[in-house]
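> Got a structure for you, questions after.
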Amino acid sequence: MQRLRIHIQGIVQGVGFRPFVHKLVQSHGLKGYIKNSSSGVEMELEGERETLEHFVQELPEKAPKLAVIERLSCSYSDELCGFEDFRILESKTEALRNTLISPDICICDDCLREMRDKKDRRYAYPFINCTNCGPRFTIIKDIPYDRAKTSMSEFPMCPDCEREYSDIEDRRYHAQPDCCPDCGPEVFYLDAEGKRLEGDGIELAREKLRAGGIVAIKGLGGIHLACRVDDEKIVRELRRRKQRDEKPFAIMCRDAECAKQLCHVSAEEQRILESFRRPIVLLRKKQRGMEHISGNDYVGVMLPYTPLHYLLFGEDIDMLVMTSANLSDKPMMFKNDEALEELQGIADGYLLHNREIQTRCDDSLCWVLDGREYFARRSRGYVPFPISSAKPLRQILACGAEQKASFCLSRGSYVFPSQHIGDLKNLETFSNYAQQIRHFQRMFDICPEVLVCDLHPDYMSTEYAAERAEDENIKLIRVQHHHAHMASCMADNSFDGKAIGLVWDGTGLGTDGSIWGAECLIGDYRSFERFGSILPIPLPGGDRAMKEIQRVAWSLLQASGLDASHIENAGTYKMMLENGLNCPESSGMGRLFDGVSALVGIKQKCSYEGQAAVLLEAVAEDDEGVYPISFTGDILRFDWRDMIRAMVSDMDSGAAAGRIAARFMNTLVEMAVLQCKAAREYSGLDTAALSGGSFQNMYIMSRLPKRLEAEGFRVLRHHRVSCNDEGLSLGQLMIANAKTEDI
Ligand code: ZN
Ligand code: ZN
Ligand code: FE
């Protein structure tokens with residue numbers, strides 16, 4: 001006999017972990033106790049050494065699916081306590097405070113089986129769910145989480161459902177949204193005029209879709225617009241009606257096999273596609289084409305996640321375009337009446353239901369990199385699950401940035417990142433942002449002692465923070481944009497030390513008042529110094545150059561002493577530059593991508609942010625060439641002029657755009673390696689953190705980390721929050737926590 005002490009850190013509270021341990025302990029015939037600790041759970045068990053070891057092995061394998069075990073430490077001893085039974089030691093207040101709220105979970109296999117069983121009382125019922133699946137975050141109005149405080153409060157349970165709910169042996173024991181056709185919500189179909197039609201709503205929607213119509217479909221966190229994938233005409237019509245020219249659409253496939261007809265799907269990608277979180281996964285097309293869906297190499301694919309989605313598919317429908325129903329920059333629609341009003345002339349029919357969505361939550365969007373999610377958007381299926389921190393945190397609200405806004409709140413060892421919010425310049429989006437902050441504060445019982453925002457005074461999130469800081473007399477900390485990015489990547493990897501940060505993104509206000517972009521920083525959560533960057537690029541016309549990117553191409557040529565007179569309006573740009581008229585400079589990596597795209601003729605005008613970079617990546621061929629790399633200036637600035645000159649001479653000798661694109665990105669990779677090596681020599685540090693929206697480039701992400709590792713660096717990259725501005729609030733929070741540690 002031995003005594004085993006186990007300490008588990010991670011997300012193991014409020015996810016059914018202790019009841020699970022109880023069962024597992026009993027199956028092994030062990031004795032002892034389990035209790036919550038400040039960073040996880042602690043337990044002591046007594047039994048034969050072999051049994052104890054077996055138990056430890058099974059623990060992570062069989063843990064509940066929402067549990068995240070980050071560290072598990074064991075120590076054995078011969079001193080016995082003589083436990084007589086197994087106990088869950090609980091302190092009531094702590095249990096309440098630490099209750100987590102589950103994200104929405106896709107329909108489970110058991111429910112799917114019942115839904116397809118003609119003899120089951122929930123046959124073809126679109127709201128079937130159980131303890132292991134169904135809506136959670138999106139239907140919760142308030143805590144504690146029970147039916148009365150969700151959208152299900154309007155649907156009293158029938159005696160059959162009640163019986164399941166109260167039976168500890170039943171798989172619907174304490175399933176708050178449990179319901180059936182007798183007592184639960186119902187689905188209905190309305191025509192283009194908003195008139196409710198008699199008959200099976202799902203069948204009517206299927207008919208409309210098959211016939212080439214656009215149907216608004218209410219899902220879990222919002223309303224989608226759906227149509228056939230194979231009908232190019234209707235997809236283009238959807239673009240016209242939605243006024244969405246070129247931005248890719250996501251599609252929903254019946255199953256992974258169906259996705260494989262269109263895209264390459266690795267085993268890891270399939271695992272994440274099929275995971276209970278059901279994100280949209282960006283998959284590489286098998287062949288060029290499907291330009292009406294996506295103009296680049298990737299297609300965003302998701303699998304059905306609600307029972308209603310499953311009922312839409314069949315032999316006759318195996319994939320559908322599924323795009324969020326929203327109008328230019330407004331948030332995704334999530335209420336029946338707003339859809340009926342605002343989608344007039346856009347939708348040919350509406351498949352809606354009477355279970356209200358309380359909280360809007362967009363689909364998550366990610367690549368799969370080294371077997372893990374690499375987020376472009378972390379939202380449904382992941383939110384509101386926390387990220388755990390090794391050390392306790394103050395109660396802090398981090399307000400994020402502007403365009404891909406998100407916020408983070410912390411308490412104890414948890415950071416709660418919000419769902420995708422959107423561009424705060426839009427009034428509705430901003431009011432949703434403010435509302436969600438309050439909602440999260442209430443759900444997780446957080447009253448911020450510190451607020452943190454970006455250095456940029458004009459961000460709506462900065463204004464929000466400044467106003468609250470004053471009204472509520474809370475300390476406000478302003479954090480430099482790129483420092484926050486770097487800290488976000490460090491925190492994403494639970495790294496607490498000094499590192500070299502490579503932060504490549506569009507724009508962010510620097511500490512010197514200029515616009516920063518592609519930065520090489522050295523620092524930790526408390527402070528940083530700027531070690532490198534790139535030579536600033538003049539942008540004739542300022543913001544206009546973000547869309548009309550041939551302006552940037554002109555600038556690159558002009559600065560490199562090359563002929564730029566063939567570019568439209570070259571004379572005007574020259575005049576603007578020479579007279580300093582609306583010609584701000586930017587050291588943004590995004591701008592360099594824009595300029596090069598326009599230069600090699602891939603794109604002259606962008607219709608959505610990041611488009612030029614995405615297309616440049618898509619055309620890149622296999623080529624190992626690298627252009628000359630030089631540095632200049634006060635800090636280690638990449639002087640791209642030599643590269644541009646070599647690029648133009650490549651073009652003059654007839655090199656294809658795809659070859660130049662590859663060489664350009666290879667050059668950036670090698671430039672980054674040189675910057676990091678110089679930073680290592682200067683600082684003695686060998687950890688490199690990669691963050692910023694430009695690292696959404698899979699060509700670079702599949703090369704740069706490997707190159708850095710080959711040079712002896714430890715590379716940190718994002719895997720729990722997005723590398724773009726959406727993930728930045730996590731970094732702000734960690735910086736604010738470090739800066740107020742001694743106060
Ligand atoms: Zn289920
Ligand atoms: Zn019922
Ligand atoms: Fe940024």
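FYI, nothing fancy with the structure tokens labels: chains A, B, ... in order, residues from 1 per chain, ligands from 1 as they appear.
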Extract the full set of alpha helix (DSSP H) residues from region 67-210 of chain A according to DSSP on the backbone, and format it as a ChimeraX atom specification.

/A:92-97,109-115,159-166,201-210

> Selected residues, N, CA and C atoms, written as a PDB file, in the first residue's frame, please.


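Writing the result to again39.pdb gives the following:
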```pdb
ATOM      1  N   LYS A  92     -18.515  25.676  -0.269  1.00  0.00           N
ATOM      2  CA  LYS A  92     -19.644  26.154  -1.071  1.00  0.00           C
ATOM      3  C   LYS A  92     -19.345  27.444  -1.828  1.00  0.00           C
ATOM      4  N   THR A  93     -18.787  28.432  -1.135  1.00  0.00           N
ATOM      5  CA  THR A  93     -18.570  29.725  -1.785  1.00  0.00           C
ATOM      6  C   THR A  93     -17.608  29.573  -2.951  1.00  0.00           C
ATOM      7  N   GLU A  94     -16.568  28.834  -2.731  1.00  0.00           N
ATOM      8  CA  GLU A  94     -15.560  28.657  -3.757  1.00  0.00           C
ATOM      9  C   GLU A  94     -16.169  27.970  -4.982  1.00  0.00           C
ATOM     10  N   ALA A  95     -17.005  26.990  -4.734  1.00  0.00           N
ATOM     11  CA  ALA A  95     -17.608  26.258  -5.844  1.00  0.00           C
ATOM     12  C   ALA A  95     -18.438  27.192  -6.718  1.00  0.00           C
ATOM     13  N   LEU A  96     -19.189  28.087  -6.076  1.00  0.00           N
ATOM     14  CA  LEU A  96     -20.025  29.003  -6.848  1.00  0.00           C
ATOM     15  C   LEU A  96     -19.179  29.973  -7.668  1.00  0.00           C
ATOM     16  N   ARG A  97     -18.175  30.508  -7.009  1.00  0.00           N
ATOM     17  CA  ARG A  97     -17.343  31.508  -7.675  1.00  0.00           C
ATOM     18  C   ARG A  97     -16.542  30.942  -8.844  1.00  0.00           C
ATOM     19  N   ASP A 109     -23.076  12.007 -30.652  1.00  0.00           N
ATOM     20  CA  ASP A 109     -23.450  10.811 -31.420  1.00  0.00           C
ATOM     21  C   ASP A 109     -24.718  10.145 -30.905  1.00  0.00           C
ATOM     22  N   ASP A 110     -24.879  10.147 -29.565  1.00  0.00           N
ATOM     23  CA  ASP A 110     -26.079   9.518 -28.999  1.00  0.00           C
ATOM     24  C   ASP A 110     -27.341  10.251 -29.436  1.00  0.00           C
ATOM     25  N   CYS A 111     -27.289  11.565 -29.381  1.00  0.00           N
ATOM     26  CA  CYS A 111     -28.463  12.348 -29.781  1.00  0.00           C
ATOM     27  C   CYS A 111     -28.717  12.211 -31.286  1.00  0.00           C
ATOM     28  N   LEU A 112     -27.621  12.173 -32.050  1.00  0.00           N
ATOM     29  CA  LEU A 112     -27.752  12.022 -33.495  1.00  0.00           C
ATOM     30  C   LEU A 112     -28.453  10.693 -33.825  1.00  0.00           C
ATOM     31  N   ARG A 113     -28.056   9.658 -33.083  1.00  0.00           N
ATOM     32  CA  ARG A 113     -28.662   8.338 -33.306  1.00  0.00           C
ATOM     33  C   ARG A 113     -30.154   8.383 -32.998  1.00  0.00           C
ATOM     34  N   GLU A 114     -30.508   8.988 -31.858  1.00  0.00           N
ATOM     35  CA  GLU A 114     -31.930   9.085 -31.502  1.00  0.00           C
ATOM     36  C   GLU A 114     -32.708   9.901 -32.523  1.00  0.00           C
ATOM     37  N   MET A 115     -32.081  10.982 -32.981  1.00  0.00           N
ATOM     38  CA  MET A 115     -32.777  11.855 -33.922  1.00  0.00           C
ATOM     39  C   MET A 115     -33.088  11.144 -35.242  1.00  0.00           C
ATOM     40  N   PRO A 159     -43.768  15.887 -18.540  1.00  0.00           N
ATOM     41  CA  PRO A 159     -43.404  14.871 -17.537  1.00  0.00           C
ATOM     42  C   PRO A 159     -42.299  13.927 -18.013  1.00  0.00           C
ATOM     43  N   ASP A 160     -42.290  13.578 -19.288  1.00  0.00           N
ATOM     44  CA  ASP A 160     -41.246  12.671 -19.799  1.00  0.00           C
ATOM     45  C   ASP A 160     -39.858  13.303 -19.693  1.00  0.00           C
ATOM     46  N   CYS A 161     -39.781  14.548 -20.102  1.00  0.00           N
ATOM     47  CA  CYS A 161     -38.490  15.239 -20.037  1.00  0.00           C
ATOM     48  C   CYS A 161     -38.069  15.450 -18.589  1.00  0.00           C
ATOM     49  N   GLU A 162     -39.029  15.825 -17.778  1.00  0.00           N
ATOM     50  CA  GLU A 162     -38.783  16.035 -16.345  1.00  0.00           C
ATOM     51  C   GLU A 162     -38.164  14.783 -15.717  1.00  0.00           C
ATOM     52  N   ARG A 163     -38.704  13.618 -16.113  1.00  0.00           N
ATOM     53  CA  ARG A 163     -38.217  12.359 -15.552  1.00  0.00           C
ATOM     54  C   ARG A 163     -36.747  12.130 -15.932  1.00  0.00           C
ATOM     55  N   GLU A 164     -36.439  12.370 -17.193  1.00  0.00           N
ATOM     56  CA  GLU A 164     -35.047  12.214 -17.637  1.00  0.00           C
ATOM     57  C   GLU A 164     -34.120  13.163 -16.873  1.00  0.00           C
ATOM     58  N   TYR A 165     -34.596  14.382 -16.734  1.00  0.00           N
ATOM     59  CA  TYR A 165     -33.803  15.431 -16.116  1.00  0.00           C
ATOM     60  C   TYR A 165     -33.456  15.098 -14.658  1.00  0.00           C
ATOM     61  N   SER A 166     -34.380  14.402 -13.984  1.00  0.00           N
ATOM     62  CA  SER A 166     -34.169  14.142 -12.559  1.00  0.00           C
ATOM     63  C   SER A 166     -33.529  12.792 -12.270  1.00  0.00           C
ATOM     64  N   GLY A 201     -41.192  22.756 -41.803  1.00  0.00           N
ATOM     65  CA  GLY A 201     -40.306  23.887 -42.088  1.00  0.00           C
ATOM     66  C   GLY A 201     -39.003  23.471 -42.738  1.00  0.00           C
ATOM     67  N   ILE A 202     -38.417  22.419 -42.205  1.00  0.00           N
ATOM     68  CA  ILE A 202     -37.117  21.989 -42.738  1.00  0.00           C
ATOM     69  C   ILE A 202     -37.261  21.497 -44.173  1.00  0.00           C
ATOM     70  N   GLU A 203     -38.334  20.765 -44.447  1.00  0.00           N
ATOM     71  CA  GLU A 203     -38.574  20.273 -45.815  1.00  0.00           C
ATOM     72  C   GLU A 203     -38.772  21.446 -46.776  1.00  0.00           C
ATOM     73  N   LEU A 204     -39.489  22.471 -46.322  1.00  0.00           N
ATOM     74  CA  LEU A 204     -39.721  23.639 -47.172  1.00  0.00           C
ATOM     75  C   LEU A 204     -38.410  24.370 -47.469  1.00  0.00           C
ATOM     76  N   ALA A 205     -37.573  24.472 -46.448  1.00  0.00           N
ATOM     77  CA  ALA A 205     -36.279  25.134 -46.642  1.00  0.00           C
ATOM     78  C   ALA A 205     -35.421  24.326 -47.616  1.00  0.00           C
ATOM     79  N   ARG A 206     -35.446  23.020 -47.465  1.00  0.00           N
ATOM     80  CA  ARG A 206     -34.665  22.157 -48.361  1.00  0.00           C
ATOM     81  C   ARG A 206     -35.121  22.326 -49.810  1.00  0.00           C
ATOM     82  N   GLU A 207     -36.433  22.400 -49.981  1.00  0.00           N
ATOM     83  CA  GLU A 207     -36.978  22.582 -51.333  1.00  0.00           C
ATOM     84  C   GLU A 207     -36.477  23.883 -51.951  1.00  0.00           C
ATOM     85  N   LYS A 208     -36.537  24.939 -51.162  1.00  0.00           N
ATOM     86  CA  LYS A 208     -36.109  26.252 -51.652  1.00  0.00           C
ATOM     87  C   LYS A 208     -34.623  26.247 -52.010  1.00  0.00           C
ATOM     88  N   LEU A 209     -33.830  25.610 -51.150  1.00  0.00           N
ATOM     89  CA  LEU A 209     -32.386  25.541 -51.404  1.00  0.00           C
ATOM     90  C   LEU A 209     -32.097  24.749 -52.680  1.00  0.00           C
ATOM     91  N   ARG A 210     -32.761  23.612 -52.807  1.00  0.00           N
ATOM     92  CA  ARG A 210     -32.558  22.769 -53.996  1.00  0.00           C
ATOM     93  C   ARG A 210     -32.908  23.530 -55.263  1.00  0.00           C
TER      94      ARG A 210
END
```

> Which chains and residue numbers are within 6 Å of ligand 1, counting only C-alpha atoms and all ligand atoms, if I want them as a list in words?

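So the residues close to ligand 1 are Ile107, Cys108, Asp110, Cys111, Asn129, Cys130, Asn132 and Cys133 of chain A.
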
> Include N, CA and C atoms and write out the residues we just selected as a tab-separated table (two decimals), in the first residue's frame.


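Written output follows (part-v5.tsv):
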```tsv
chain	number	residue	atom	x	y	z
A	107	ILE	N	-24.06	18.67	-31.57
A	107	ILE	CA	-24.87	17.49	-31.24
A	107	ILE	C	-23.96	16.25	-31.11
A	108	CYS	N	-24.21	15.44	-30.09
A	108	CYS	CA	-23.35	14.27	-29.84
A	108	CYS	C	-23.88	13.05	-30.62
A	110	ASP	N	-24.88	10.15	-29.57
A	110	ASP	CA	-26.08	9.52	-29.00
A	110	ASP	C	-27.34	10.25	-29.44
A	111	CYS	N	-27.29	11.56	-29.38
A	111	CYS	CA	-28.46	12.35	-29.78
A	111	CYS	C	-28.72	12.21	-31.29
A	129	ASN	N	-31.07	17.43	-27.44
A	129	ASN	CA	-29.77	17.65	-26.80
A	129	ASN	C	-29.69	16.80	-25.53
A	130	CYS	N	-28.55	16.83	-24.88
A	130	CYS	CA	-28.39	16.03	-23.66
A	130	CYS	C	-27.33	16.67	-22.77
A	132	ASN	N	-24.34	16.04	-22.56
A	132	ASN	CA	-23.06	16.19	-23.25
A	132	ASN	C	-23.08	17.11	-24.47
A	133	CYS	N	-24.24	17.61	-24.82
A	133	CYS	CA	-24.28	18.43	-26.03
A	133	CYS	C	-25.40	19.45	-25.99
```

> Kindly provide, as a PyMOL selection string, all nucleotide and amino acid residues lying within 6 Å of ligand 2, counting only C-alpha atoms and all ligand atoms.

chain A and resi 157-158+160-161+179-180+182-183

> Please return as a count of residues only the residues found within 12 Å of ligand 3, counting only C-alpha atoms and all ligand atoms.

50

> Can you tell me which residues surround Pro64 (chain A) at a distance of at most 10 Å, considering only C-alpha atoms, apart from same-chain residues fewer than 2 positions away, and format the answer as a PyMOL selection string?

chain A and resi 12+15-21+59-62+66-68+132

> List the neighbours of Pro279 (chain A) out to 8 Å using only C-alpha atoms; skip same-chain residues closer than 5 positions along the sequence, and give me the result as a PDB file with N, CA, C and O atoms, in the first residue's frame.


```
ATOM      1  N   ILE A 272     -10.099  18.159 -36.074  1.00  0.00           N
ATOM      2  CA  ILE A 272     -10.595  19.453 -35.596  1.00  0.00           C
ATOM      3  C   ILE A 272     -11.930  19.815 -36.248  1.00  0.00           C
ATOM      4  O   ILE A 272     -12.832  20.332 -35.590  1.00  0.00           O
ATOM      5  N   LEU A 273     -12.096  19.454 -37.528  1.00  0.00           N
ATOM      6  CA  LEU A 273     -13.402  19.639 -38.181  1.00  0.00           C
ATOM      7  C   LEU A 273     -14.504  18.928 -37.407  1.00  0.00           C
ATOM      8  O   LEU A 273     -15.591  19.447 -37.219  1.00  0.00           O
ATOM      9  N   MET A 302     -16.960  23.944 -42.619  1.00  0.00           N
ATOM     10  CA  MET A 302     -17.381  23.452 -41.301  1.00  0.00           C
ATOM     11  C   MET A 302     -18.364  22.319 -41.507  1.00  0.00           C
ATOM     12  O   MET A 302     -18.950  22.167 -42.588  1.00  0.00           O
ATOM     13  N   ASP A 363     -19.241  32.011 -35.957  1.00  0.00           N
ATOM     14  CA  ASP A 363     -18.476  30.784 -36.103  1.00  0.00           C
ATOM     15  C   ASP A 363     -16.993  31.070 -35.912  1.00  0.00           C
ATOM     16  O   ASP A 363     -16.497  32.103 -36.342  1.00  0.00           O
ATOM     17  N   SER A 364     -16.300  30.151 -35.285  1.00  0.00           N
ATOM     18  CA  SER A 364     -14.851  30.280 -35.156  1.00  0.00           C
ATOM     19  C   SER A 364     -14.207  29.922 -36.484  1.00  0.00           C
ATOM     20  O   SER A 364     -14.772  29.170 -37.281  1.00  0.00           O
ATOM     21  N   LEU A 365     -13.010  30.449 -36.700  1.00  0.00           N
ATOM     22  CA  LEU A 365     -12.323  30.252 -37.984  1.00  0.00           C
ATOM     23  C   LEU A 365     -10.845  29.986 -37.709  1.00  0.00           C
ATOM     24  O   LEU A 365     -10.210  30.757 -36.995  1.00  0.00           O
ATOM     25  N   CYS A 366     -10.329  28.881 -38.233  1.00  0.00           N
ATOM     26  CA  CYS A 366      -8.917  28.581 -37.952  1.00  0.00           C
ATOM     27  C   CYS A 366      -8.266  27.762 -39.060  1.00  0.00           C
ATOM     28  O   CYS A 366      -8.942  27.133 -39.863  1.00  0.00           O
ATOM     29  N   ARG A 380     -17.510  30.899 -31.443  1.00  0.00           N
ATOM     30  CA  ARG A 380     -18.395  29.815 -31.065  1.00  0.00           C
ATOM     31  C   ARG A 380     -17.653  28.490 -30.851  1.00  0.00           C
ATOM     32  O   ARG A 380     -16.790  28.126 -31.616  1.00  0.00           O
ATOM     33  N   GLY A 381     -18.046  27.791 -29.801  1.00  0.00           N
ATOM     34  CA  GLY A 381     -17.430  26.501 -29.507  1.00  0.00           C
ATOM     35  C   GLY A 381     -16.239  26.625 -28.555  1.00  0.00           C
ATOM     36  O   GLY A 381     -15.845  25.645 -27.942  1.00  0.00           O
TER      37      GLY A 381
END
```

> Rank nothing, just name the residue among A:Ala620, A:Lys35, A:Glu42, A:Gly501 nearest to Phe528 (chain A), using only C-alpha atoms.

A:Gly501

> Apply DSSP to the backbone of this structure and, from region 452-593 of chain A, keep only the residues in strand (DSSP E); write these as a short mmCIF file (atom, residue, chain, number, x, y, z; two decimals) with C-alpha atoms, in the first residue's frame.


```cif
data_model
loop_
_atom_site.label_atom_id
_atom_site.label_comp_id
_atom_site.auth_asym_id
_atom_site.auth_seq_id
_atom_site.Cartn_x
_atom_site.Cartn_y
_atom_site.Cartn_z
CA VAL A 452 -6.20 48.48 -19.91
CA CYS A 453 -6.45 49.77 -23.47
CA ASP A 454 -4.37 50.58 -26.54
CA LYS A 475 -6.82 52.74 -12.71
CA LEU A 476 -6.24 52.85 -16.48
CA ILE A 477 -3.13 51.52 -18.20
CA ARG A 478 -2.36 52.23 -21.87
CA VAL A 479 -0.32 49.64 -23.67
CA ALA A 499 11.70 37.16 -25.15
CA ILE A 500 12.31 38.50 -28.60
CA GLY A 501 9.00 39.46 -30.18
CA LEU A 502 8.46 39.52 -33.91
CA VAL A 503 5.21 41.36 -34.42
CA TRP A 504 4.10 41.85 -37.99
CA ASP A 505 0.84 43.56 -38.61
CA GLY A 506 -0.81 46.45 -40.36
CA THR A 507 -0.66 49.45 -38.09
CA GLY A 508 -0.39 50.32 -34.46
CA LEU A 509 0.54 53.52 -32.72
CA ILE A 515 2.81 54.37 -36.95
CA TRP A 516 4.56 51.09 -36.28
CA GLY A 517 3.97 47.88 -38.16
CA ALA A 518 6.55 45.13 -38.55
CA GLU A 519 8.43 45.22 -35.29
CA CYS A 520 11.18 43.30 -33.60
CA LEU A 521 10.89 43.92 -29.88
CA ILE A 522 12.79 42.69 -26.84
CA GLY A 523 11.07 42.53 -23.50
CA PHE A 528 10.12 46.34 -23.88
CA GLU A 529 12.52 48.04 -26.23
CA ARG A 530 12.21 48.40 -29.98
CA PHE A 531 15.10 46.59 -31.60
CA GLY A 532 14.15 46.39 -35.27
CA SER A 533 11.49 47.29 -37.81
CA ILE A 534 11.27 47.94 -41.52
CA ILE A 537 6.79 53.26 -46.70
CA PRO A 538 5.18 56.57 -47.72
CA GLU A 585 4.57 56.79 -43.59
CA SER A 586 3.92 53.27 -42.42
#
```

> Distance table requested - region 459-529 of chain A against region 701-718 of chain A, cut-off 8 Å, only C-alpha atoms: one row per qualifying residue with the closest atom pair and its distance in Å to one decimal, ordered by chain and rising residue number, as a Markdown table.


```
| residue | atom | partner | partner_atom | distance |
| --- | --- | --- | --- | --- |
| A:Cys489 | CA | A:His718 | CA | 5.5 |
| A:Met490 | CA | A:Leu716 | CA | 6.9 |
| A:Asp492 | CA | A:His718 | CA | 6.0 |
| A:Asn493 | CA | A:Leu716 | CA | 6.6 |
```

> Go ahead and dump the residues you just picked, C-alpha atoms, as a compact mmCIF listing (two decimals), in the first residue's frame.


```txt
# COMPACT_ATOMS: atom_id res chain seq x y z
CA CYS A 489 1.72 35.28 -27.79
CA MET A 490 3.78 34.77 -24.64
CA ASP A 492 -0.84 32.04 -25.17
CA ASN A 493 2.14 29.77 -24.49
```

> Do you know which residues are at most 8 Å from region 601-609 of chain A counting only C-alpha atoms, after dropping those on the same chain fewer than 5 positions away, and could you put them as a ChimeraX atom specification?

/A:245-247,546-550,615-616,657

> CA of Arg720 (chain A) and CA of Ser102 (chain A), how far apart in Å?

16.4 Å

> Looking at only C-alpha atoms, which of A:His22, A:Arg394, A:Arg355, A:Arg116 is the one that sits closest to Pro135 (chain A)?

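Of the candidates, the smallest distance to Pro135 (chain A) is held by A:Arg355.
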
> Rounded to one decimal, what separation in Å do you get between CA of Leu733 (chain A) and CA of Cys447 (chain A)?

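We find that CA of Leu733 (chain A) and CA of Cys447 (chain A) lie 14.3 Å from each other.
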
> Which residues are near Glu472 (chain A)? Cut-off 12 Å, only C-alpha atoms, ignore same chain within fewer than 6 positions. Put them as a PyMOL selection string.

chain A and resi 447-451+464-466

> Within 6 Å of region 557-560 of chain A, counting only C-alpha atoms, which residues show up once you throw out same-chain ones fewer than 3 positions away? Write them as a ChimeraX atom specification, please.

/A:554,564,641

> Quick one: write out the picked residues with N, CA, C and O atoms as a PDB file, in the first residue's frame?


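Contents of the output file out.pdb:
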```pdb
ATOM      1  N   TRP A 554       3.751  52.171 -56.315  1.00  0.00           N
ATOM      2  CA  TRP A 554       4.435  53.361 -56.814  1.00  0.00           C
ATOM      3  C   TRP A 554       5.507  53.815 -55.813  1.00  0.00           C
ATOM      4  O   TRP A 554       6.645  54.098 -56.163  1.00  0.00           O
ATOM      5  N   ALA A 564       8.722  54.638 -62.065  1.00  0.00           N
ATOM      6  CA  ALA A 564       7.370  54.328 -61.605  1.00  0.00           C
ATOM      7  C   ALA A 564       6.340  55.073 -62.431  1.00  0.00           C
ATOM      8  O   ALA A 564       5.171  55.138 -62.079  1.00  0.00           O
ATOM      9  N   ARG A 641      14.684  48.170 -50.182  1.00  0.00           N
ATOM     10  CA  ARG A 641      14.944  48.720 -51.516  1.00  0.00           C
ATOM     11  C   ARG A 641      15.778  47.783 -52.397  1.00  0.00           C
ATOM     12  O   ARG A 641      15.507  47.630 -53.579  1.00  0.00           O
TER      13      ARG A 641
END
```

> What is the distance, in Å and to one decimal place, between CA of Leu535 (chain A) and CA of Val669 (chain A)?

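Computed distance, CA of Leu535 (chain A) to CA of Val669 (chain A), equals 16.3 Å.
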